[in-house]
Structure formats: C-alpha cells, structure tokens
file my_file17.txt (compact mmCIF, C-alpha atoms and all ligand atoms)
# COMPACT_ATOMS: atom_id res chain seq x y z
CA MET A 201 -6.24 -5.49 12.39
CA LEU A 202 -7.96 -3.72 9.46
CA LEU A 203 -7.51 -4.90 5.89
CA GLY A 204 -7.59 -2.60 2.88
CA VAL A 205 -7.76 -4.64 -0.32
CA ASN A 206 -5.88 -3.03 -3.19
CA ILE A 207 -7.80 -3.90 -6.34
CA ASP A 208 -5.45 -2.23 -8.87
CA HIS A 209 -4.16 -5.60 -9.86
CA ILE A 210 -7.53 -6.57 -11.34
CA ALA A 211 -7.16 -3.63 -13.70
CA VAL A 212 -3.58 -4.72 -14.47
CA LEU A 213 -5.03 -7.88 -16.02
CA ARG A 214 -7.67 -5.95 -17.96
CA GLU A 215 -5.17 -3.41 -19.29
CA ALA A 216 -2.75 -6.17 -20.33
CA ARG A 217 -5.38 -7.34 -22.82
CA ARG A 218 -6.97 -3.92 -23.50
CA VAL A 219 -10.44 -5.32 -23.07
CA GLY A 220 -13.35 -4.67 -20.70
CA ASP A 221 -12.77 -7.41 -18.18
CA PRO A 222 -12.00 -8.17 -15.43
CA ASP A 223 -13.69 -5.03 -14.12
CA PRO A 224 -12.41 -3.93 -10.67
CA LEU A 225 -15.88 -2.58 -9.95
CA ASP A 226 -17.16 -6.16 -9.72
CA ALA A 227 -14.83 -6.73 -6.76
CA LEU A 228 -16.61 -4.29 -4.45
CA GLY A 229 -19.41 -6.57 -3.25
CA ILE A 230 -17.03 -9.52 -2.93
CA CYS A 231 -14.58 -7.51 -0.80
CA LYS A 232 -17.37 -6.40 1.50
CA ARG A 233 -18.83 -9.92 1.83
CA ALA A 234 -15.40 -11.35 2.60
CA GLY A 235 -14.84 -8.93 5.48
CA ALA A 236 -12.47 -6.36 3.95
CA ASP A 237 -12.47 -3.04 5.77
CA GLN A 238 -11.41 -0.77 2.94
CA ILE A 239 -10.91 -0.64 -0.81
CA THR A 240 -7.56 0.75 -1.96
CA ILE A 241 -6.87 1.94 -5.49
CA HIS A 242 -3.91 3.71 -7.03
CA LEU A 243 -4.70 6.12 -9.86
CA ARG A 244 -1.27 6.41 -11.44
CA GLU A 245 -0.34 9.41 -13.55
CA ASP A 246 0.44 7.05 -16.45
CA ARG A 247 -2.95 5.28 -15.96
CA ARG A 248 -1.29 1.88 -16.34
CA HIS A 249 -4.06 0.09 -14.43
CA ILE A 250 -6.85 2.01 -12.69
CA GLN A 251 -8.47 4.56 -15.01
CA ASP A 252 -10.32 7.76 -14.08
CA ALA A 253 -13.70 6.13 -14.77
CA ASP A 254 -12.77 3.17 -12.49
CA ALA A 255 -11.85 5.56 -9.69
CA GLN A 256 -15.07 7.52 -10.08
CA HIS A 257 -17.31 4.42 -10.19
CA ILE A 258 -15.52 2.73 -7.28
CA ILE A 259 -15.66 5.83 -5.06
CA ASP A 260 -19.31 6.48 -5.90
CA LEU A 261 -20.48 2.89 -5.46
CA SER A 262 -18.30 1.35 -2.75
CA ALA A 263 -20.05 0.62 0.52
CA LEU A 264 -16.57 0.35 2.08
CA PRO A 265 -14.36 3.41 2.60
CA VAL A 266 -12.07 4.03 -0.36
CA ASN A 267 -8.39 4.88 0.06
CA LEU A 268 -7.19 6.55 -3.14
CA GLU A 269 -3.43 6.46 -3.66
CA CYS A 270 -2.01 9.13 -5.93
CA ALA A 271 1.02 11.30 -6.66
CA ILE A 272 1.37 14.88 -5.38
CA ALA A 273 0.98 16.36 -8.89
CA PRO A 274 -1.65 19.16 -8.98
CA GLU A 275 -3.66 17.26 -11.65
CA MET A 276 -4.00 14.27 -9.31
CA ILE A 277 -4.93 16.43 -6.33
CA ASP A 278 -7.63 18.14 -8.46
CA ILE A 279 -9.06 14.72 -9.35
CA ALA A 280 -8.95 13.55 -5.74
CA CYS A 281 -10.71 16.70 -4.49
CA LYS A 282 -13.42 16.17 -7.10
CA LEU A 283 -13.91 12.46 -6.37
CA LYS A 284 -13.77 12.90 -2.59
CA PRO A 285 -12.70 9.44 -1.42
CA HIS A 286 -12.63 8.72 2.29
CA ARG A 287 -8.82 8.93 2.36
CA VAL A 288 -6.01 9.91 0.00
CA THR A 289 -2.61 8.30 0.45
CA LEU A 290 0.09 10.37 -1.22
CA VAL A 291 2.71 8.16 -2.83
CA PRO A 292 5.86 8.73 -4.93
CA GLU A 293 5.71 7.70 -8.58
CA LYS A 294 8.31 6.96 -11.20
CA ARG A 295 7.24 6.21 -14.77
CA GLU A 296 9.94 3.60 -15.26
CA GLU A 297 9.26 1.61 -12.06
CA VAL A 298 7.40 -1.71 -12.13
CA THR A 299 5.79 -0.87 -8.81
CA THR A 300 6.10 1.75 -6.07
CA GLU A 301 9.74 1.29 -5.08
CA GLY A 302 9.84 3.29 -1.87
CA GLY A 303 8.18 5.88 0.29
CA LEU A 304 7.79 9.61 -0.23
CA ALA A 305 10.86 11.71 0.50
CA VAL A 306 9.23 13.69 3.31
CA THR A 307 11.41 16.39 4.87
CA GLY A 308 8.79 18.72 6.30
CA ASP A 309 9.85 21.80 4.35
CA GLN A 310 7.93 21.01 1.17
CA PRO A 311 5.45 23.68 0.07
CA LYS A 312 4.03 21.50 -2.77
CA LEU A 313 3.35 18.62 -0.40
CA ALA A 314 1.93 20.92 2.29
CA GLU A 315 -0.38 22.55 -0.25
CA ALA A 316 -1.62 19.17 -1.53
CA ILE A 317 -2.36 18.07 2.03
CA SER A 318 -4.26 21.22 2.95
CA ARG A 319 -6.32 21.14 -0.28
CA LEU A 320 -7.35 17.55 0.43
CA GLN A 321 -8.17 18.30 4.05
CA GLU A 322 -10.25 21.33 2.99
CA HIS A 323 -12.31 18.82 0.99
CA GLU A 324 -12.80 16.74 4.14
CA ILE A 325 -10.55 13.95 2.89
CA GLU A 326 -8.25 12.36 5.45
CA VAL A 327 -4.64 12.23 4.32
CA SER A 328 -2.00 9.55 4.66
CA LEU A 329 1.65 9.68 3.59
CA PHE A 330 3.27 6.54 2.21
CA ILE A 331 6.74 6.68 3.79
CA ASP A 332 9.75 4.49 4.36
CA PRO A 333 10.16 3.38 7.98
CA THR A 334 12.60 6.11 8.99
CA SER A 335 12.49 8.45 11.95
CA GLU A 336 13.09 11.52 9.73
CA ALA A 337 10.12 10.76 7.47
CA LEU A 338 7.90 10.03 10.47
CA LYS A 339 8.73 13.28 12.28
CA ALA A 340 8.35 15.32 9.09
CA SER A 341 4.95 13.68 8.44
CA LYS A 342 3.78 14.79 11.85
CA THR A 343 4.76 18.40 11.17
CA LEU A 344 2.74 18.27 7.95
CA GLY A 345 -0.46 17.65 9.92
CA VAL A 346 -1.63 14.41 8.28
CA GLU A 347 -3.91 11.94 10.04
CA TRP A 348 -2.20 8.73 8.87
CA ILE A 349 1.12 7.39 7.76
CA GLU A 350 1.55 4.13 5.85
CA PHE A 351 4.90 2.42 6.16
CA HIS A 352 6.25 0.99 2.90
CA THR A 353 7.02 -2.66 3.65
CA GLY A 354 8.59 -3.38 0.25
CA LYS A 355 12.14 -3.71 1.59
CA TYR A 356 10.97 -6.14 4.28
CA ALA A 357 9.04 -8.15 1.65
CA ASN A 358 12.01 -8.27 -0.72
CA ILE A 359 14.42 -9.48 1.96
CA TYR A 360 11.86 -12.07 3.09
CA ALA A 361 11.42 -13.32 -0.49
CA MET A 362 15.17 -13.67 -1.02
CA LEU A 363 15.48 -15.57 2.27
CA TYR A 364 12.47 -17.83 2.30
CA THR A 365 11.32 -18.34 -1.30
CA ASN A 366 12.99 -19.47 -4.53
CA LEU A 367 13.09 -15.89 -5.90
CA ALA A 368 16.89 -15.79 -5.96
CA LYS A 369 16.86 -18.78 -8.34
CA THR A 370 14.52 -17.08 -10.81
CA HIS A 371 14.89 -14.28 -13.36
CA HIS A 372 13.16 -11.99 -10.83
CA THR A 373 16.03 -12.25 -8.37
CA ILE A 374 16.99 -9.00 -6.64
CA PRO A 375 20.75 -8.67 -7.35
CA GLU A 376 21.46 -6.23 -4.50
CA LEU A 377 19.97 -8.77 -2.08
CA GLU A 378 21.99 -11.76 -3.29
CA LEU A 379 23.71 -11.93 0.09
CA PRO A 380 24.66 -14.62 2.61
CA ARG A 381 21.61 -15.92 4.53
CA ASN A 382 22.93 -14.64 7.86
CA GLU A 383 23.20 -11.17 6.47
CA LEU A 384 19.66 -11.33 5.06
CA LYS A 385 18.34 -12.57 8.40
CA LYS A 386 19.99 -9.66 10.16
CA MET A 387 18.54 -7.21 7.64
CA LEU A 388 15.06 -8.70 8.06
CA GLU A 389 15.28 -8.32 11.86
CA GLU A 390 16.45 -4.72 11.44
CA GLU A 391 13.49 -3.91 9.18
CA LEU A 392 11.06 -5.43 11.67
CA TYR A 393 12.74 -3.57 14.53
CA GLU A 394 12.40 -0.23 12.72
CA LEU A 395 8.75 -0.93 11.92
CA ARG A 396 8.08 -1.84 15.56
CA VAL A 397 9.85 1.16 17.06
CA LEU A 398 8.54 3.69 14.56
CA SER A 399 4.92 2.53 14.66
CA LYS A 400 4.99 2.92 18.46
CA GLU A 401 6.52 6.37 18.06
CA ALA A 402 3.93 7.30 15.42
CA LYS A 403 1.09 6.27 17.71
CA GLU A 404 2.60 8.24 20.59
CA ILE A 405 2.71 11.43 18.51
CA GLY A 406 -0.91 10.98 17.45
CA LEU A 407 -0.62 9.42 14.01
CA LYS A 408 -2.64 6.44 12.84
CA VAL A 409 -0.41 3.74 11.41
CA ALA A 410 -0.95 1.62 8.30
CA ALA A 411 1.56 -0.52 6.42
CA GLY A 412 1.70 -2.22 3.08
CA HIS A 413 3.47 -3.25 -0.09
CA GLY A 414 4.54 -6.74 -1.02
CA LEU A 415 2.77 -8.39 1.91
CA ASN A 416 1.45 -11.91 1.40
CA MET A 417 0.17 -14.97 3.25
CA GLN A 418 3.73 -15.98 4.23
CA ASN A 419 5.40 -12.74 5.23
CA VAL A 420 2.44 -10.96 6.83
CA SER A 421 2.51 -12.75 10.23
CA ALA A 422 5.50 -10.86 11.65
CA ILE A 423 3.89 -7.57 10.62
CA VAL A 424 0.58 -8.51 12.27
CA GLU A 425 2.49 -8.92 15.55
CA ILE A 426 3.44 -5.23 15.52
CA GLU A 427 0.95 -3.87 18.00
CA HIS A 428 0.71 -0.28 16.82
CA ILE A 429 0.01 -0.96 13.16
CA GLU A 430 -3.75 -0.81 12.81
CA GLU A 431 -4.27 -1.39 9.09
CA LEU A 432 -2.60 -3.23 6.24
CA ASN A 433 -3.17 -2.52 2.56
CA ILE A 434 -2.59 -5.64 0.51
CA GLY A 435 -3.20 -6.10 -3.20
CA GLN A 436 -0.92 -8.08 -5.45
CA SER A 437 -0.76 -11.25 -3.36
CA ILE A 438 -4.52 -11.36 -2.72
CA ILE A 439 -5.41 -10.89 -6.39
CA ALA A 440 -2.71 -13.40 -7.45
CA ARG A 441 -4.04 -16.00 -5.01
CA SER A 442 -7.62 -15.34 -6.09
CA ILE A 443 -6.86 -16.96 -9.45
CA TYR A 444 -6.79 -20.28 -7.58
CA THR A 445 -9.10 -19.69 -4.63
CA GLY A 446 -11.55 -17.08 -5.88
CA LEU A 447 -11.40 -13.51 -4.60
CA GLU A 448 -13.77 -13.98 -1.69
CA GLN A 449 -11.78 -16.89 -0.23
CA ALA A 450 -8.45 -15.10 -0.82
CA ILE A 451 -9.69 -12.14 1.24
CA ILE A 452 -11.21 -14.36 3.95
CA ASP A 453 -7.87 -16.20 4.25
CA MET A 454 -5.90 -12.96 4.51
CA LYS A 455 -8.34 -11.49 6.98
CA HIS A 456 -7.84 -14.63 9.08
CA LYS A 457 -4.08 -14.03 9.10
CA LEU A 458 -4.72 -10.53 10.46
CA ILE A 459 -6.42 -11.78 13.63
CA ARG A 460 -4.29 -10.94 16.67
C1 LIG A 501 1.48 2.48 -3.60
C2 LIG A 501 1.44 1.01 -3.55
O1 LIG A 501 2.28 0.40 -2.93
C3 LIG A 501 0.34 0.29 -4.19
O2 LIG A 501 -0.38 1.12 -4.96
C4 LIG A 501 0.68 -0.98 -4.91
O3 LIG A 501 2.04 -1.09 -5.10
C5 LIG A 501 -0.03 -1.17 -6.21
O4 LIG A 501 0.28 -0.21 -7.13
P1 LIG A 501 1.43 -0.34 -8.22
O5 LIG A 501 1.53 -1.77 -8.63
O6 LIG A 501 0.99 0.58 -9.31
O7 LIG A 501 2.69 0.15 -7.55
N1 LIG A 502 -0.04 0.68 -0.32
C1 LIG A 502 0.24 -0.70 -0.52
C2 LIG A 502 -0.85 -1.33 -1.28
O1 LIG A 502 -1.86 -0.72 -1.52
C3 LIG A 502 -0.76 -2.73 -1.70
O2 LIG A 502 0.49 -3.06 -2.21
P1 LIG A 502 0.69 -4.51 -2.88
O3 LIG A 502 0.16 -5.53 -1.91
O4 LIG A 502 -0.09 -4.51 -4.14
O5 LIG A 502 2.18 -4.62 -3.05

call {"tool": "encode", "arguments": {"input": "my_file17.txt", "output": "structure tokens"}}
result
Amino acid sequence: MLLGVNIDHIAVLREARRVGDPDPLDALGICKRAGADQITIHLREDRRHIQDADAQHIIDLSALPVNLECAIAPEMIDIACKLKPHRVTLVPEKREEVTTEGGLAVTGDQPKLAEAISRLQEHEIEVSLFIDPTSEALKASKTLGVEWIEFHTGKYANIYAMLYTNLAKTHHTIPELELPRNELKKMLEEELYELRVLSKEAKEIGLKVAAGHGLNMQNVSAIVEIEHIEELNIGQSIIARSIYTGLEQAIIDMKHKLIR
C-alpha cells in the first residue's frame, strides 16, 4: 500500500512561532529515504501552515510525486495550474475549522467544480476528490471525470479514538461521540463496512482509491486490510510521533504498518 506523507504539520510548528524553522522542505530527502511514496501538502486559503513559497519549493525540488491539496476557489486553482504538482486533491475548507472536518459535497451538477477539474487536467495534473465515504459522492465523482477519490477517514478515526484511547477523558473529547461503547463499536464497524464496499465499487467503476485523515499507528491496521484502497495520506500522527522517534523512523514504522 502506498504512503503519502502529509508534511503540513511541520509548517504548523513553524507558523506557531513565526520563525524560519522547522522548514518542511528539509523533510523531502528524509521522506524519500524512509520509503514514502508521495509528499502531500495542503495550501490552505488562510495560509495557516504551508505558504506559497513552501508549495513552490516542495513541488520544484521533490523527487517524490507531490499531491497538492487545495480548495476549489479560482485563486487556488490558478496557483495549482502554475505550480503543476503531480496531483491535486480538491478539499472543502472552512476558516473556523481546526482541521478538514469532512469531504467535499459532490453532487455531480457543479459547474465550479467541473471547471476546476478540467482546468487542472488541461495542465496535465491528475485530480482527486476528497469525499466522505458515501455512495452519492462516489457516483458523482465518477461523472466528474476525476482519476482518483480519497475517502475522508476522519469519522472512523474519531470513533476509534473515543473507543480505544483516553480522548473522552480529556478536554479534546468529542461530545457527539460520548456514547455507550456498544454503540461506538457498531458505528466503527459501519464506517469500515462503508469504506470496504465503496472502495470496491470505486475500483469497479475505474477510480483509483486513496484514504486519509486522522490515521495513526493504532487505527490504521483495519484500513490497510481494505483491499481496494491503494494509498493512504497520513500527516499529523507521523509528524507528532517524529518528535520522539525522528521523522525517518516514524515514516519507516508507518510504512511497515502498510505492508499487506
Ligand atoms: C485535507 C486533509 O485532511 C489534510 O490536509 C490534513 O487534514 C492536514 O491539513 P489540515 O490540518 O489543514 O486540515
Ligand atoms: N488527506 C489527508 C491527509 O493528507 C493527512 O491527514 P492527517 O493525517 O494530517 O489527518
């Protein structure tokens, strides 16, 4: 299974202090050495972590393919067409969110989205849509002519964290998931079932399937078992772990988890 390493979170640390380091550019060689298959970055409209100069340097200098995540806004599509990464993953953005809360609302009849996709494809950039694991979003993605879809695994990760970690006992608890364990277990199984069924369906209709968001060394194993998912994009947990293990080891360890 392929691993895209999302290096935004290095820039999160830099921007928190408004200094020059750590520089996400320094991660490129380490990611390659450790066996990563792709670099993922998210150039947010509010530029809260990755900046335009980061994106340009990373795309120009990375020996690994770069997957640039961005919103559908024309300004972002202009930047993407100019930078020409290997792939663009279109994602929803909300200024007030801490992180990407869900997938794109894809219905099929969306001229703005269709135009963004065709502009990117005209620039020979492959396009992925970051969607929730729903049949409607999957079918609509197919009609839009993209090469990839990436399933948002945030709901799965949140349920897993409320079930199997101490999150519920901390100030980061997720109130809407403060539910009896049996109910959480059922929800987790349902999420996995949807991911399994929909990734098979996606493959059958000719889409390549990625997944990501909130995946970590604990919760990733059940996702790795889903045969038709060919790539995972993982950031926060790898960068967090790298504080203790070093980035190279954190990627090696995650890559190991992705062996089927
Ligand atoms: C779209 C997505 O899931 C990733 O980009 C990841 O969440 C890191 O970016 P943010 O922390 O800015 O959401
Ligand atoms: N698209 C998901 C991604 O790039 C990584 O998300 P996360 O591991 O940082 O939550």

call {"tool": "closest_atom_pairs", "arguments": {"input": "my_file17.txt", "of": "chain A", "to": "ligand LIG 502 (chain A)", "cutoff": "7 Å", "atoms": "all atoms listed in the file", "output": "tab-separated table"}}
result
residue	atom	partner	partner_atom	distance
A:Asn206	CA	A:LIG502	O1	4.9
A:Thr240	CA	A:LIG502	O1	5.9
A:Ile241	CA	A:LIG502	O1	6.9
A:Gly412	CA	A:LIG502	C1	4.2
A:His413	CA	A:LIG502	O5	3.5
A:Gly414	CA	A:LIG502	O5	3.8
A:Leu415	CA	A:LIG502	O3	5.4
A:Asn433	CA	A:LIG502	C2	4.6
A:Ile434	CA	A:LIG502	O3	3.7
A:Gly435	CA	A:LIG502	O4	3.6
A:Gln436	CA	A:LIG502	O4	3.9
A:Ser437	CA	A:LIG502	O3	6.0

call {"tool": "closest_residue", "arguments": {"input": "my_file17.txt", "among": "A:His257, A:His352, A:Arg214, A:Arg233", "to": "ligand LIG 501 (chain A)", "atoms": "all atoms listed in the file"}}
result
A:His352

call {"tool": "residues_near_ligand", "arguments": {"input": "my_file17.txt", "ligand": "ligand LIG 501 (chain A)", "cutoff": "9 Å", "atoms": "all atoms listed in the file", "output": "PyMOL selection string"}}
result
chain A and resi 206-209+212+240-244+248-250+268-270+289-293+297-303+330+352-354+412-414+433-436

call {"tool": "closest_residue", "arguments": {"input": "my_file17.txt", "among": "A:Ile452, A:Leu447, A:Ile210, A:Val266", "to": "Lys284 (chain A)", "atoms": "only C-alpha atoms"}}
result
A:Val266

call {"tool": "atom_distance", "arguments": {"input": "my_file17.txt", "atom1": "CA of Ala357 (chain A)", "atom2": "CA of Arg460 (chain A)"}}
result
20.3 Å

call {"tool": "atom_distance", "arguments": {"input": "my_file17.txt", "atom1": "CA of Glu401 (chain A)", "atom2": "CA of Asn267 (chain A)"}}
result
23.4 Å

call {"tool": "atom_distance", "arguments": {"input": "my_file17.txt", "atom1": "CA of Lys232 (chain A)", "atom2": "CA of Tyr444 (chain A)"}}
result
19.7 Å

call {"tool": "residues_around", "arguments": {"input": "my_file17.txt", "residues": "region 307-316 of chain A", "least_positions_apart": "2", "cutoff": "10 Å", "atoms": "only C-alpha atoms", "output": "list in words"}}
result
Ala271, Ile272, Ala273, Pro274, Met276, Ile277, Asp278, Cys281, Leu290, Leu304, Ala305, Ser318, Arg319, Leu320, Gln321, Glu322, Val327, Leu329, Glu336, Ala337, Leu338, Lys339, Ala340, Ser341, Lys342, Thr343, Leu344, Gly345 and Val346 of chain A

call {"tool": "closest_residue", "arguments": {"input": "my_file17.txt", "among": "A:Asp246, A:Glu347, A:Asp226, A:Glu394", "to": "Gly406 (chain A)", "atoms": "all atoms listed in the file"}}
result
A:Glu347

call {"tool": "residues_around", "arguments": {"input": "my_file17.txt", "residues": "Ala411 (chain A)", "least_positions_apart": "2", "cutoff": "6 Å", "atoms": "only C-alpha atoms", "output": "list in words"}}
result
Glu350, Phe351 and Leu432 of chain A

call {"tool": "write_last_selection", "arguments": {"input": "my_file17.txt", "atoms": "C-alpha atoms", "output": "compact mmCIF listing (two decimals), in the coordinates of the input"}}
result
# COMPACT_ATOMS: atom_id res chain seq x y z
CA GLU A 350 1.55 4.13 5.85
CA PHE A 351 4.90 2.42 6.16
CA LEU A 432 -2.60 -3.23 6.24

call {"tool": "closest_residue", "arguments": {"input": "my_file17.txt", "among": "A:Ala440, A:Leu384, A:Met454, A:Ala236", "to": "Asn419 (chain A)", "atoms": "all atoms listed in the file"}}
result
A:Met454

call {"tool": "closest_residue", "arguments": {"input": "my_file17.txt", "among": "A:Asn416, A:Ser399, A:Ser421, A:Ser262", "to": "Ser335 (chain A)", "atoms": "all atoms listed in the file"}}
result
A:Ser399

call {"tool": "closest_residue", "arguments": {"input": "my_file17.txt", "among": "A:Leu213, A:Gly204, A:Ile317, A:Gln449", "to": "Leu264 (chain A)", "atoms": "only C-alpha atoms"}}
result
A:Gly204

call {"tool": "decode", "arguments": {"input": "my_file17.txt", "residues": "region 415-428 of chain A", "atoms": "N, CA and C atoms", "output": "compact mmCIF listing (two decimals), in the first residue's frame"}}
result
# COMPACT_ATOMS: atom_id res chain seq x y z
N LEU A 415 -5.50 9.16 10.54
CA LEU A 415 -4.98 7.79 10.68
C LEU A 415 -3.68 7.81 11.48
N ASN A 416 -3.48 6.75 12.26
CA ASN A 416 -2.26 6.68 13.10
C ASN A 416 -1.84 5.23 13.26
N MET A 417 -0.78 5.02 14.03
CA MET A 417 -0.20 3.68 14.18
C MET A 417 -1.20 2.68 14.77
N GLN A 418 -2.18 3.17 15.54
CA GLN A 418 -3.15 2.26 16.16
C GLN A 418 -4.31 1.95 15.21
N ASN A 419 -4.89 3.01 14.65
CA ASN A 419 -6.15 2.80 13.92
C ASN A 419 -5.97 2.41 12.46
N VAL A 420 -4.73 2.43 11.96
CA VAL A 420 -4.52 2.24 10.53
C VAL A 420 -4.70 0.78 10.08
N SER A 421 -4.50 -0.18 10.99
CA SER A 421 -4.47 -1.59 10.57
C SER A 421 -5.76 -2.04 9.88
N ALA A 422 -6.90 -1.65 10.42
CA ALA A 422 -8.17 -2.08 9.81
C ALA A 422 -8.35 -1.46 8.43
N ILE A 423 -7.79 -0.30 8.22
CA ILE A 423 -7.89 0.37 6.91
C ILE A 423 -6.98 -0.33 5.90
N VAL A 424 -5.80 -0.75 6.38
CA VAL A 424 -4.85 -1.44 5.50
C VAL A 424 -5.46 -2.74 4.95
N GLU A 425 -6.34 -3.34 5.74
CA GLU A 425 -6.99 -4.60 5.31
C GLU A 425 -7.99 -4.41 4.17
N ILE A 426 -8.34 -3.17 3.90
CA ILE A 426 -9.33 -2.93 2.83
C ILE A 426 -8.61 -2.98 1.48
N GLU A 427 -8.87 -4.08 0.79
CA GLU A 427 -8.11 -4.46 -0.40
C GLU A 427 -8.02 -3.38 -1.48
N HIS A 428 -9.12 -2.67 -1.70
CA HIS A 428 -9.15 -1.78 -2.86
C HIS A 428 -8.64 -0.37 -2.60
